[in-house]
>>> print(open('input16.pdb').read())   # PDB, C-alpha atoms
MODEL        1
ATOM      1  CA  MET A   1       0.000   0.000   0.000
ATOM      2  CA  ARG A   2       1.290   3.453  -0.923
ATOM      3  CA  HIS A   3      -0.105   6.749   0.352
ATOM      4  CA  GLU A   4      -0.179   9.967  -1.630
ATOM      5  CA  GLY A   5       2.649  12.285  -0.653
ATOM      6  CA  PHE A   6       4.905   9.501   0.696
ATOM      7  CA  HIS A   7       7.549   7.295  -0.955
ATOM      8  CA  GLY A   8       9.294  10.201  -2.694
ATOM      9  CA  ARG A   9      12.833   9.812  -4.035
ATOM     10  CA  ALA A  10      15.659  11.763  -2.380
ATOM     11  CA  GLY A  11      18.384  10.190  -4.530
ATOM     12  CA  PHE A  12      22.070   9.446  -4.084
ATOM     13  CA  GLY A  13      23.301  12.995  -4.006
ATOM     14  CA  ARG A  14      26.680  13.814  -5.535
ATOM     15  CA  ARG A  15      28.981  11.986  -3.088
ATOM     16  CA  PRO A  16      27.693   9.014  -1.089
ATOM     17  CA  ALA A  17      29.537   7.192   1.679
ATOM     18  CA  LEU A  18      29.096   3.480   2.342
ATOM     19  CA  LEU A  19      28.215   2.699   5.954
ATOM     20  CA  VAL A  20      28.495  -0.887   7.225
ATOM     21  CA  VAL A  21      26.491  -1.070  10.455
ATOM     22  CA  ASP A  22      27.358  -3.740  13.027
ATOM     23  CA  VAL A  23      28.348  -6.630  10.791
ATOM     24  CA  ASN A  24      30.546  -7.849  13.609
ATOM     25  CA  VAL A  25      31.029 -11.453  14.663
ATOM     26  CA  GLY A  26      28.495 -11.105  17.477
ATOM     27  CA  PHE A  27      25.790 -10.630  14.850
ATOM     28  CA  THR A  28      27.014 -13.131  12.228
ATOM     29  CA  ASP A  29      28.188 -16.139  14.292
ATOM     30  CA  PRO A  30      25.378 -18.628  15.066
ATOM     31  CA  ALA A  31      26.978 -19.224  18.484
ATOM     32  CA  SER A  32      26.066 -15.680  19.547
ATOM     33  CA  PRO A  33      22.700 -14.913  21.203
ATOM     34  CA  LEU A  34      22.557 -11.777  19.043
ATOM     35  CA  VAL A  35      22.929 -13.539  15.690
ATOM     36  CA  CYS A  36      20.958 -12.366  12.651
ATOM     37  CA  GLU A  37      20.560 -14.233   9.352
ATOM     38  CA  LEU A  38      23.185 -12.318   7.386
ATOM     39  CA  GLU A  39      24.840 -14.746   4.954
ATOM     40  CA  ASP A  40      23.248 -13.184   1.867
ATOM     41  CA  VAL A  41      23.634  -9.716   3.401
ATOM     42  CA  VAL A  42      27.391 -10.207   3.773
ATOM     43  CA  ALA A  43      27.659 -11.189   0.114
ATOM     44  CA  ALA A  44      25.679  -8.121  -0.954
ATOM     45  CA  ILE A  45      27.822  -5.811   1.180
ATOM     46  CA  ARG A  46      30.979  -7.285  -0.354
ATOM     47  CA  ARG A  47      29.726  -6.232  -3.791
ATOM     48  CA  LEU A  48      29.092  -2.720  -2.535
ATOM     49  CA  LEU A  49      32.477  -2.504  -0.808
ATOM     50  CA  ASP A  50      34.242  -3.433  -4.039
ATOM     51  CA  GLU A  51      32.436  -0.723  -5.982
ATOM     52  CA  ALA A  52      32.742   1.969  -3.305
ATOM     53  CA  ARG A  53      36.488   1.372  -3.046
ATOM     54  CA  ARG A  54      36.847   1.440  -6.832
ATOM     55  CA  ALA A  55      35.099   4.818  -6.839
ATOM     56  CA  ALA A  56      37.321   6.056  -3.973
ATOM     57  CA  LEU A  57      34.275   6.781  -1.821
ATOM     58  CA  PRO A  58      34.388   6.871   1.985
ATOM     59  CA  VAL A  59      33.690   3.565   3.738
ATOM     60  CA  VAL A  60      32.844   3.614   7.445
ATOM     61  CA  TYR A  61      32.143   0.657   9.730
ATOM     62  CA  THR A  62      30.475   0.518  13.122
ATOM     63  CA  THR A  63      30.616  -2.068  15.868
ATOM     64  CA  VAL A  64      29.176  -2.240  19.364
ATOM     65  CA  SER A  65      31.316  -3.010  22.398
ATOM     66  CA  TYR A  66      31.047  -2.399  26.109
ATOM     67  CA  GLY A  67      33.875  -1.820  28.548
ATOM     68  CA  GLU A  68      33.114  -1.406  32.240
ATOM     69  CA  GLY A  69      32.406   2.323  31.984
ATOM     70  CA  ASP A  70      30.315   1.802  28.849
ATOM     71  CA  LYS A  71      28.105  -0.652  30.717
ATOM     72  CA  VAL A  72      27.225   2.117  33.152
ATOM     73  CA  ALA A  73      26.505   4.615  30.355
ATOM     74  CA  ALA A  74      24.328   2.125  28.474
ATOM     75  CA  ALA A  75      22.692   0.549  31.539
ATOM     76  CA  ALA A  76      19.127   1.192  30.395
ATOM     77  CA  PHE A  77      19.790  -0.333  26.961
ATOM     78  CA  ILE A  78      21.517  -3.358  28.501
ATOM     79  CA  ASP A  79      18.665  -3.826  30.979
ATOM     80  CA  LYS A  80      16.302  -3.921  28.000
ATOM     81  CA  ILE A  81      18.540  -6.310  25.993
ATOM     82  CA  PRO A  82      20.745  -8.294  28.405
ATOM     83  CA  ALA A  83      22.252 -10.214  25.470
ATOM     84  CA  LEU A  84      24.209  -7.033  24.657
ATOM     85  CA  LEU A  85      26.621  -8.060  27.425
ATOM     86  CA  THR A  86      27.943 -10.592  24.916
ATOM     87  CA  LEU A  87      29.642  -7.652  23.194
ATOM     88  CA  GLU A  88      32.456  -7.358  25.727
ATOM     89  CA  ALA A  89      35.167  -4.884  24.727
ATOM     90  CA  GLY A  90      38.194  -6.764  23.410
ATOM     91  CA  SER A  91      36.293  -9.983  22.654
ATOM     92  CA  ARG A  92      36.041 -11.585  19.211
ATOM     93  CA  TRP A  93      32.311 -10.798  19.165
ATOM     94  CA  VAL A  94      32.969  -7.087  18.558
ATOM     95  CA  GLU A  95      35.346  -7.637  15.636
ATOM     96  CA  ILE A  96      34.081  -6.943  12.104
ATOM     97  CA  ASP A  97      33.249 -10.187  10.302
ATOM     98  CA  PRO A  98      36.510 -11.091   8.511
ATOM     99  CA  ARG A  99      34.683 -11.514   5.209
ATOM    100  CA  LEU A 100      34.118  -7.744   5.278
ATOM    101  CA  ALA A 101      37.423  -6.736   6.842
ATOM    102  CA  PRO A 102      38.103  -2.987   6.734
ATOM    103  CA  GLU A 103      41.003  -1.819   4.617
ATOM    104  CA  ALA A 104      43.653   0.600   5.863
ATOM    105  CA  GLY A 105      42.154   4.023   6.447
ATOM    106  CA  GLU A 106      38.561   2.788   6.759
ATOM    107  CA  PRO A 107      37.427   3.749  10.264
ATOM    108  CA  VAL A 108      35.588   1.432  12.637
ATOM    109  CA  LEU A 109      33.480   3.491  15.029
ATOM    110  CA  ASN A 110      32.365   2.062  18.349
ATOM    111  CA  LYS A 111      28.832   2.804  19.484
ATOM    112  CA  LEU A 112      26.867   1.978  22.606
ATOM    113  CA  PHE A 113      23.356   2.489  21.274
ATOM    114  CA  ALA A 114      21.406   1.928  18.053
ATOM    115  CA  SER A 115      22.256   4.882  15.816
ATOM    116  CA  ALA A 116      25.667   5.094  14.170
ATOM    117  CA  PHE A 117      25.456   8.861  14.677
ATOM    118  CA  PHE A 118      24.763   8.935  18.414
ATOM    119  CA  ALA A 119      27.882   9.808  20.449
ATOM    120  CA  THR A 120      30.225   8.934  17.553
ATOM    121  CA  PRO A 121      32.222  11.149  15.139
ATOM    122  CA  LEU A 122      30.298   9.847  12.109
ATOM    123  CA  SER A 123      28.701  13.163  11.171
ATOM    124  CA  SER A 124      32.070  14.927  11.331
ATOM    125  CA  LEU A 125      33.690  12.204   9.198
ATOM    126  CA  LEU A 126      31.003  12.543   6.552
ATOM    127  CA  ALA A 127      31.222  16.325   6.553
ATOM    128  CA  SER A 128      35.006  16.287   6.229
ATOM    129  CA  ALA A 129      34.699  13.898   3.274
ATOM    130  CA  ARG A 130      32.125  16.251   1.670
ATOM    131  CA  CYS A 131      29.448  13.575   1.563
ATOM    132  CA  ASP A 132      25.818  14.440   1.025
ATOM    133  CA  SER A 133      24.321  10.938   1.114
ATOM    134  CA  VAL A 134      24.860   7.623   2.903
ATOM    135  CA  VAL A 135      24.341   4.064   1.670
ATOM    136  CA  VAL A 136      23.335   2.247   4.863
ATOM    137  CA  THR A 137      23.958  -1.501   5.078
ATOM    138  CA  GLY A 138      24.152  -4.040   7.901
ATOM    139  CA  ALA A 139      22.042  -5.104  10.852
ATOM    140  CA  SER A 140      19.498  -5.088  12.109
ATOM    141  CA  THR A 141      16.938  -3.512   9.788
ATOM    142  CA  SER A 142      14.468  -2.797  12.575
ATOM    143  CA  GLY A 143      17.112  -1.606  15.040
ATOM    144  CA  CYS A 144      20.453  -0.037  14.256
ATOM    145  CA  VAL A 145      19.836   0.348  10.514
ATOM    146  CA  ARG A 146      16.546   2.159  10.987
ATOM    147  CA  ALA A 147      17.932   4.358  13.786
ATOM    148  CA  THR A 148      20.924   5.265  11.629
ATOM    149  CA  VAL A 149      18.746   6.093   8.623
ATOM    150  CA  VAL A 150      16.532   8.398  10.683
ATOM    151  CA  ASP A 151      19.554  10.154  12.181
ATOM    152  CA  ALA A 152      21.231  10.450   8.769
ATOM    153  CA  LEU A 153      18.199  12.319   7.472
ATOM    154  CA  GLN A 154      18.117  14.516  10.577
ATOM    155  CA  HIS A 155      21.795  15.383  10.051
ATOM    156  CA  GLY A 156      21.087  16.502   6.486
ATOM    157  CA  TYR A 157      22.231  13.395   4.580
ATOM    158  CA  ARG A 158      20.219  11.478   1.988
ATOM    159  CA  PRO A 159      19.939   7.837   3.148
ATOM    160  CA  ILE A 160      19.883   4.971   0.641
ATOM    161  CA  VAL A 161      19.167   1.421   1.856
ATOM    162  CA  PRO A 162      19.998  -1.481  -0.488
ATOM    163  CA  ARG A 163      17.303  -4.011   0.306
ATOM    164  CA  GLU A 164      19.503  -7.103   0.015
ATOM    165  CA  ALA A 165      22.325  -5.562   2.084
ATOM    166  CA  VAL A 166      20.400  -5.265   5.375
ATOM    167  CA  GLY A 167      19.068  -8.037   7.581
ATOM    168  CA  ASP A 168      17.102  -8.792  10.731
ATOM    169  CA  ARG A 169      16.224 -11.621  13.107
ATOM    170  CA  ASN A 170      12.560 -11.310  12.164
ATOM    171  CA  HIS A 171      11.381 -11.283   8.561
ATOM    172  CA  ALA A 172       8.153  -9.415   9.320
ATOM    173  CA  ALA A 173      10.068  -6.702  11.208
ATOM    174  CA  HIS A 174      12.565  -6.486   8.334
ATOM    175  CA  GLU A 175       9.841  -5.922   5.750
ATOM    176  CA  ALA A 176       7.814  -3.525   7.913
ATOM    177  CA  ASN A 177      10.840  -1.349   8.611
ATOM    178  CA  LEU A 178      11.934  -1.297   4.971
ATOM    179  CA  TYR A 179       8.423  -0.091   4.159
ATOM    180  CA  ASP A 180       8.594   2.664   6.794
ATOM    181  CA  ILE A 181      12.081   3.743   5.756
ATOM    182  CA  ASP A 182      11.073   3.976   2.106
ATOM    183  CA  ALA A 183       7.876   5.848   2.925
ATOM    184  CA  LYS A 184       9.383   8.474   5.223
ATOM    185  CA  TYR A 185      13.150   8.549   5.682
ATOM    186  CA  GLY A 186      15.276   7.129   2.870
ATOM    187  CA  ASP A 187      15.220   5.417  -0.509
ATOM    188  CA  VAL A 188      15.011   1.609  -0.374
ATOM    189  CA  VAL A 189      16.468   0.292  -3.619
ATOM    190  CA  SER A 190      18.057  -2.880  -4.972
ATOM    191  CA  VAL A 191      21.742  -3.681  -4.587
ATOM    192  CA  ASP A 192      21.937  -3.745  -8.384
ATOM    193  CA  ASP A 193      20.720  -0.133  -8.514
ATOM    194  CA  VAL A 194      23.381   0.942  -6.028
ATOM    195  CA  VAL A 195      26.112  -1.002  -7.814
ATOM    196  CA  GLU A 196      25.148   0.645 -11.106
ATOM    197  CA  HIS A 197      25.385   4.095  -9.526
ATOM    198  CA  LEU A 198      28.729   3.313  -7.883
ATOM    199  CA  GLU A 199      30.064   1.966 -11.181
ATOM    200  CA  ASP A 200      29.207   5.291 -12.796
ATOM    201  CA  LEU A 201      31.045   7.110 -10.008
ATOM    202  CA  ALA A 202      34.038   4.779 -10.376
ATOM    203  CA  ALA A 203      34.163   5.442 -14.106
ATOM    204  CA  ALA A 204      34.034   9.189 -13.477
ATOM    205  CA  HIS A 205      36.805   8.848 -10.864
ATOM    206  CA  ALA A 206      39.007   6.954 -13.347
ATOM    207  CA  ARG A 207      38.761   9.675 -15.998
TER
ENDMDL
END
>>> encode(input="input16.pdb", output="structure tokens")
Amino acid sequence: MRHEGFHGRAGFGRRPALLVVDVNVGFTDPASPLVCELEDVVAAIRRLLDEARRAALPVVYTTVSYGEGDKVAAAAFIDKIPALLTLEAGSRWVEIDPRLAPEAGEPVLNKLFASAFFATPLSSLLASARCDSVVVTGASTSGCVRATVVDALQHGYRPIVPREAVGDRNHAAHEANLYDIDAKYGDVVSVDDVVEHLEDLAAAHAR
């Protein structure tokens, strides 16, 4: 169902950044209580990483980890989701999945809450790189992805969400949040559409 006046297109802008939200081992390893179904998502993100790097666009990762002081700061969030204590600072659970390993110069920002913008330098990084849009990938669609998309819009960036490059623990929540994002906050598009746009940017960069 589509409502008149919603589902507009904000577009990629002139210089997008690729944001990989919380594709750390604690969300991809089936042994973790926080695991999402992300096998196909990882493959889709790898395609986007290849194209973003070819176009010399900024790539930024986030992870979630909690040291002792962080557990105090995020006490209300941890009380709501006790499984977050799995993400102990320094543990393997907080490391980016090795299939998507950051390259030299690609920052990994630590966050304590859902949005990649909250209490991190993400907005400053994007501004310094002269970005005007953000391709948001990762997990989970209904949690950290949605919160990041909303904050991206509120910070003046155009959010793009490649449908196949985000995932959730719950299929119904995944679909409902993609619908809401596309209706109100960002453009939900196919990975192929994003790859095509990044290829054009890569070709322009090579000239």
>>> resolve_selection(input="input16.pdb", expression="the PyMOL selection byres ((chain A and resi 92-108) around 9)", output="NGL selection string")
:A and (22-29 or 32 or 42-43 or 45-46 or 49 or 58-65 or 86-91 or 109-110)
>>> residues_near_point(input="input16.pdb", point="(24.7, -5.1, 0.0)", cutoff="10 Å", atoms="only C-alpha atoms", output="NGL selection string")
:A and (18 or 20 or 40-49 or 135-138 or 161-167 or 190-192 or 194-195)
>>> write_last_selection(input="input16.pdb", atoms="C-alpha atoms", output="mmCIF file, in the frame of the given file")
data_model
loop_
_atom_site.group_PDB
_atom_site.id
_atom_site.type_symbol
_atom_site.label_atom_id
_atom_site.label_comp_id
_atom_site.auth_asym_id
_atom_site.auth_seq_id
_atom_site.Cartn_x
_atom_site.Cartn_y
_atom_site.Cartn_z
ATOM 1 C CA LEU A 18 29.096 3.480 2.342
ATOM 2 C CA VAL A 20 28.495 -0.887 7.225
ATOM 3 C CA ASP A 40 23.248 -13.184 1.867
ATOM 4 C CA VAL A 41 23.634 -9.716 3.401
ATOM 5 C CA VAL A 42 27.391 -10.207 3.773
ATOM 6 C CA ALA A 43 27.659 -11.189 0.114
ATOM 7 C CA ALA A 44 25.679 -8.121 -0.954
ATOM 8 C CA ILE A 45 27.822 -5.811 1.180
ATOM 9 C CA ARG A 46 30.979 -7.285 -0.354
ATOM 10 C CA ARG A 47 29.726 -6.232 -3.791
ATOM 11 C CA LEU A 48 29.092 -2.720 -2.535
ATOM 12 C CA LEU A 49 32.477 -2.504 -0.808
ATOM 13 C CA VAL A 135 24.341 4.064 1.670
ATOM 14 C CA VAL A 136 23.335 2.247 4.863
ATOM 15 C CA THR A 137 23.958 -1.501 5.078
ATOM 16 C CA GLY A 138 24.152 -4.040 7.901
ATOM 17 C CA VAL A 161 19.167 1.421 1.856
ATOM 18 C CA PRO A 162 19.998 -1.481 -0.488
ATOM 19 C CA ARG A 163 17.303 -4.011 0.306
ATOM 20 C CA GLU A 164 19.503 -7.103 0.015
ATOM 21 C CA ALA A 165 22.325 -5.562 2.084
ATOM 22 C CA VAL A 166 20.400 -5.265 5.375
ATOM 23 C CA GLY A 167 19.068 -8.037 7.581
ATOM 24 C CA SER A 190 18.057 -2.880 -4.972
ATOM 25 C CA VAL A 191 21.742 -3.681 -4.587
ATOM 26 C CA ASP A 192 21.937 -3.745 -8.384
ATOM 27 C CA VAL A 194 23.381 0.942 -6.028
ATOM 28 C CA VAL A 195 26.112 -1.002 -7.814
#
>>> closest_residue(input="input16.pdb", among="A:Asn177, A:Ala206, A:Ala73, A:Leu84", to="Pro33 in chain A", atoms="only C-alpha atoms")
A:Leu84
>>> closest_residue(input="input16.pdb", among="A:Leu34, A:Ala204, A:Ala76, A:Val134", to="Phe12 in chain A", atoms="only C-alpha atoms")
A:Val134
>>> atom_distance(input="input16.pdb", atom1="CA of Ser140 in chain A", atom2="CA of Asp168 in chain A")
4.6 Å
>>> residues_around(input="input16.pdb", residues="Ser115 in chain A", least_positions_apart="6", cutoff="9 Å", atoms="all atoms listed in the file", output="PyMOL selection string")
chain A and resi 143-151
>>> write_last_selection(input="input16.pdb", atoms="C-alpha atoms", output="tab-separated table (two decimals), in the frame of the given file")
chain	number	residue	atom	x	y	z
A	143	GLY	CA	17.11	-1.61	15.04
A	144	CYS	CA	20.45	-0.04	14.26
A	145	VAL	CA	19.84	0.35	10.51
A	146	ARG	CA	16.55	2.16	10.99
A	147	ALA	CA	17.93	4.36	13.79
A	148	THR	CA	20.92	5.26	11.63
A	149	VAL	CA	18.75	6.09	8.62
A	150	VAL	CA	16.53	8.40	10.68
A	151	ASP	CA	19.55	10.15	12.18
>>> residues_around(input="input16.pdb", residues="Gly13 in chain A", least_positions_apart="5", cutoff="12 Å", atoms="only C-alpha atoms", output="JSON, numbers by chain")
{"A": [130, 131, 132, 133, 134, 135, 156, 157, 158, 159, 160, 187, 197, 198, 201]}
>>> atom_distance(input="input16.pdb", atom1="CA of Gly5 in chain A", atom2="CA of Leu126 in chain A")
29.3 Å
>>> atom_distance(input="input16.pdb", atom1="CA of Ala129 in chain A", atom2="CA of Leu153 in chain A")
17.1 Å
>>> closest_residue(input="input16.pdb", among="A:Thr120, A:Tyr66, A:Val21, A:Val72", to="Leu85 in chain A", atoms="only C-alpha atoms")
A:Tyr66
>>> residues_near_point(input="input16.pdb", point="(24.6, 11.6, 17.0)", cutoff="10 Å", atoms="only C-alpha atoms", output="list in words")
Ser115, Ala116, Phe117, Phe118, Ala119, Thr120, Pro121, Leu122, Ser123, Ser124, Thr148, Asp151, Ala152, Gln154 and His155 of chain A
>>> closest_residue(input="input16.pdb", among="A:Arg15, A:His205, A:Arg2, A:His171", to="Ala183 in chain A", atoms="only C-alpha atoms")
A:Arg2
>>> closest_residue(input="input16.pdb", among="A:His174, A:Lys184, A:Arg207, A:His7", to="Thr141 in chain A", atoms="all atoms listed in the file")
A:His174
